Amino acid sequence: MAEAHQAVGFRTSLTSDGAEVELSAPVLQEIYLSGLRSWKRHLSRFWNDFLTGVFPASPLSWLFLFSAIQLAWFLQLDPSLGLMEKIKELLPDWGGQHHRLRGVLAAALFASCLWGTLIFTLHVALRLLLSYHGWLLEPHGAMSSPTKTWLALVRIFSGRHPMLLSYQRSLPRQPVPSVQDTVRKYLESVRPVLSDEDFDWTAVLAQEFLRLQASLLQWYLRLKSWWASNYVSDWWEEFVYLRSRNPLMVNSNYYMMDFLYVTPTPLQAARAGNAVHALLLYRHRLNRQEIPPTLLMGMRPLCSAQYEKIFNTTRIPGVQKDYIRHLHDSQHVAVFHRGRFFRVGTHSRNSLLSPRALEQQFQRILDDPSPACPHEEHLAALTAAPRGTWAQVRTSLKTQAAEALEAVEGAAFFVSLDAEPAGLTREDPAASLDAYAHTLLAGRGHDRWFDKSFTLIVFSNGKLGLSVEHSWADCPISGHMWEFTLATECFQLGYSTGGHCKGHPDPTLPQPQRLQWDLPDQDRGQFCLTYESAMTRLFLEGRTETVRSCTREACNFVRAMEDKEKTDPQCLALFRVAVDKHQALLKAAMSGQGVDRHLFALYVVSRFLHLQSPFLTQVHSEQWQLSTSQIPVQQMHLFDVHNYPDYVSSGGGFGPADDHGYGVSYIFMGDDMITFHISSKKSSTKTDSHRLGQHIEDALLDVASLFQAGQHFKRRFRGSGKEDSRHRCGFLSRQTGASKTSMTSTNF
């Protein structure tokens with residue numbers, strides 16, 4: 001999604017003076033440091049790794065094994081086959097009265113060795129099982145005998161009741177694909193968008209790359225894959241995100257929306273109280289690893305490493321490179337309202353404040369009539385500035401307002417209490433939803449702290465939203481948290497008949513702390529490269545891969561749909577071929593056999609080695625004119641879309657990757673709703689989000705007409721009128737600020 005824009009700017013970030021200095025280091029040193037960072041992460045999680053590292057066993061299993069050995073020894077049986085006697089001989093002789101103690105210590109050491117060996121064997125077996133990806137390649141609804149056997153073995157070795165990080169030590173490492181396969185897939189992906197002459201030239205460059213540089217670069221990547229946790233993820237985070245000097249707003253952040261048709265309470269402070277409490281409940285479960293790991297097919301675990309930085313995290317700007325600061329804990333949130341900053345404690349006597357107490361604190365802020373100090377109102381705009389500029393200003397700000405800055409950057413997350421309403425209105429659904437999307441993505445430019453991992457936005461009419469910084473994790477992670485938050489604050493915490501949070505206020509709570517800042521004065525008729533994000537969390541510390549979805553098969557289907565001589569059966573056949581091709585690319589990307597992350601890592605190694613590769617240079621100069629991403633719904637059990645169809649979120653969106661391109665986000669909610677968010681730059685004369693949205697609507701209708709139920713779809717699209725906006729195509733056009741956004745929200 002927003003990562004596509006950062007990937008486009010990746011090559012530029014490598015050419016800055018500071019980056020060149022960094023890349024002058026020997027590549028072996030950089031690979032060594034990557035592995036060192038991996039081991040440091042493991043050591044920093046020692047206790048959690050101990051609790052989860054023994055999975056599928058448990059610490060109690062050691063005690064059971066030790067007791068069994070002691071019982072056997074008491075019965076004059078030796079399950080160690082003489083090993084415990086050998087261990088006793090190696091222990092110091094403390095005298096006759098301590099002979100029994102030496103026996104107990106020998107039994108404990110033998111039990112520990114045996115226990116560790118058994119756990120290691122289980123981990124190796126499970127890792128080997130999880131390295132099997134044949135299930136990804138099978139047709140939907142079909143399961144071969146090897147896959148059935150694999151599922152049974154995974155179930156046996158997986159244990160019961162896993163915690164969030166239980167599978168981390170058993171996940172396989174992301175494989176380095178064959179460089180020949182990667183180049184072949186790359187050439188296949190660009191064939192539909194290049195002329196014959198350009199394609200032939202690109203093929204020549206590719207063959208030259210394979211002949212001259214590929215084997216050396218590939219050797220370094222394989223070396224890194226053996227030493228570090230993941231051969232690409234840390235470089236992806238550093239070079240694509242943290243070294244980028246572009247502003248975060250629109251370029252790197254993305255947004256998520258509230259329930260589309262329902263606002264549980266119109267009271268701003270009450271909605272904020274329940275939402276903040278729900279988020280902190282999620283953090284509590286996260287810290288205790290009570291969130292179950294995500295399992296595909298109910299058995300195949302995904303990597304959970306990205307969950308660790310959801311809260312207490314800030315992206316700190318640097319002149320040449322940012323870094324991510326993550327705190328172990330934080331017991332306050334930073335709040336912005338009408339140009340003023342506040343520090344609101346979230347705990348009292350080491351327990352979480354109730355929703356009603358939090359509502360009370362937020363209401364105190366809303367009722368506070370004090371004005372903003374000079375320059376304070378627009379201070380947060382600095383986080384939307386180019387990163388080098390913000391880094392320089394932050395240096396002086398840290399000297400002059402260190403306490404206030406720490407209160408913001410050290411907060412669990414940032415809360416913005418907006419003074420205006422937002423959300424869908426029946427009077428003008430298109431304009432209202434358009435404004436809603438705009439304010440979530442950019443706001444006014446100075447009312448979001450874009451460096452924080454996420455900002456919770458609460459509007460004056462009780463509507464919610466989320467603005468998320470992208471570097472620390474990918475959308476499914478924040479999406480999982482947001483699903484939990486909406487379901488918990490609405491269905492579990494709930495509201496009183498008057499719209500307040502349930503419970504009673506706490507008059508003994510101190511007033512929220514006002515922060516003091518000592519501030520100085522001072523489509524378009526052609527095919528294009530299409531970026532679609534796919535997750536690689538089947539592997540340890542995996543993040544994303546690109547699905548190059550503009551395939552020859554997809555192009556053939558589009559041309560057939562525009563050809564009046566083509567019959568519906570012919571178009572339907574081409575549609576199915578295109579879908580099969582797309583699914584094959586998606587499955588390849590998920591299983592570590594994609595194109596772009598491998599080429600990206602090869603390019604990084606070439607820069608470390610100062611090797612010039614015209615092929616890799618051309619690859620990383622490509623412009624992604626269409627960037628797409630699906631926001632997955634991961635916890636459908638939290639929502640009852642059949643009995644409560646109004647309680648659905650319309651997902652979220654992000655900015656375009658190219659100045660003359662589009663950013664398209666979509667979400668499936670239930671079986672009969674698709675929501676699109678479309679963005680483009682207002683400065684471009686080549687893009688029109690409104691027109692693209694109309695094309696998407698028309699395309700959906702055309703595809704639906706290919707199927708037997710096509711006429712039913714058309715009636716639902718066009719026949720429900722304005723009485724109920726949920727049963728028609730809503731079309732939203734934004735043309736304010738630096739961008740314009742359209743969204744098509746369609747109910748089948």
# chains A, B, ... in the order shown; residues from 1 in each chain; ligands from 1

$ closest_atom_pairs --of "stretch 595-656 of chain A" --to "stretch 422-436 of chain A" --cutoff "12 Å" --atoms "only C-alpha atoms" --output "Markdown table"
| residue | atom | partner | partner_atom | distance |
| --- | --- | --- | --- | --- |
| A:Ser649 | CA | A:Gly423 | CA | 11.3 |
| A:Ser650 | CA | A:Leu433 | CA | 10.1 |
| A:Gly652 | CA | A:Tyr436 | CA | 10.6 |
| A:Gly653 | CA | A:Tyr436 | CA | 11.3 |

$ residues_around --residues "A:Glu469" --least-positions-apart "4" --cutoff "10 Å" --atoms "only C-alpha atoms" --output "list in words"
Ala2, Leu248, Met249, Asn251, Ser252, Asn253, Tyr254, Tyr255, Thr314, Arg315, Trp449, Phe450, Asp451, Lys452, Ser453, Phe454, Thr455, Ala473, Asp474, Cys475 and Ser478 of chain A

$ residues_around --residues "A:Arg543" --least-positions-apart "5" --cutoff "9 Å" --atoms "only C-alpha atoms" --output "list in words"
Ser233, Trp236, Cys303, Gln306, Ala473, Asp474, Ala534, Met535, Thr536 and Arg537 of chain A

$ select_by_dssp --residues "stretch 572-645 of chain A" --states "strand (DSSP E)" --output "list in words"
Leu626, Ser627, Thr628, Ser629 and Gln630 of chain A

$ select_by_dssp --residues "stretch 596-681 of chain A" --states "helix (DSSP H, G or I)" --output "PyMOL selection string"
chain A and resi 596-608+614-619+636-638

$ residues_around --residues "A:His133" --least-positions-apart "3" --cutoff "10 Å" --atoms "only C-alpha atoms" --output "count of residues only"
13

$ residues_around --residues "stretch 158-162 of chain A" --least-positions-apart "2" --cutoff "12 Å" --atoms "only C-alpha atoms" --output "PyMOL selection string"
chain A and resi 51-58+119+122-127+129-130+150-156+164-168+170-171+289-295+298-301

$ closest_residue --among "A:Val415, A:Leu466, A:Leu540, A:Met256" --to "A:Ile667" --atoms "only C-alpha atoms"
A:Met256
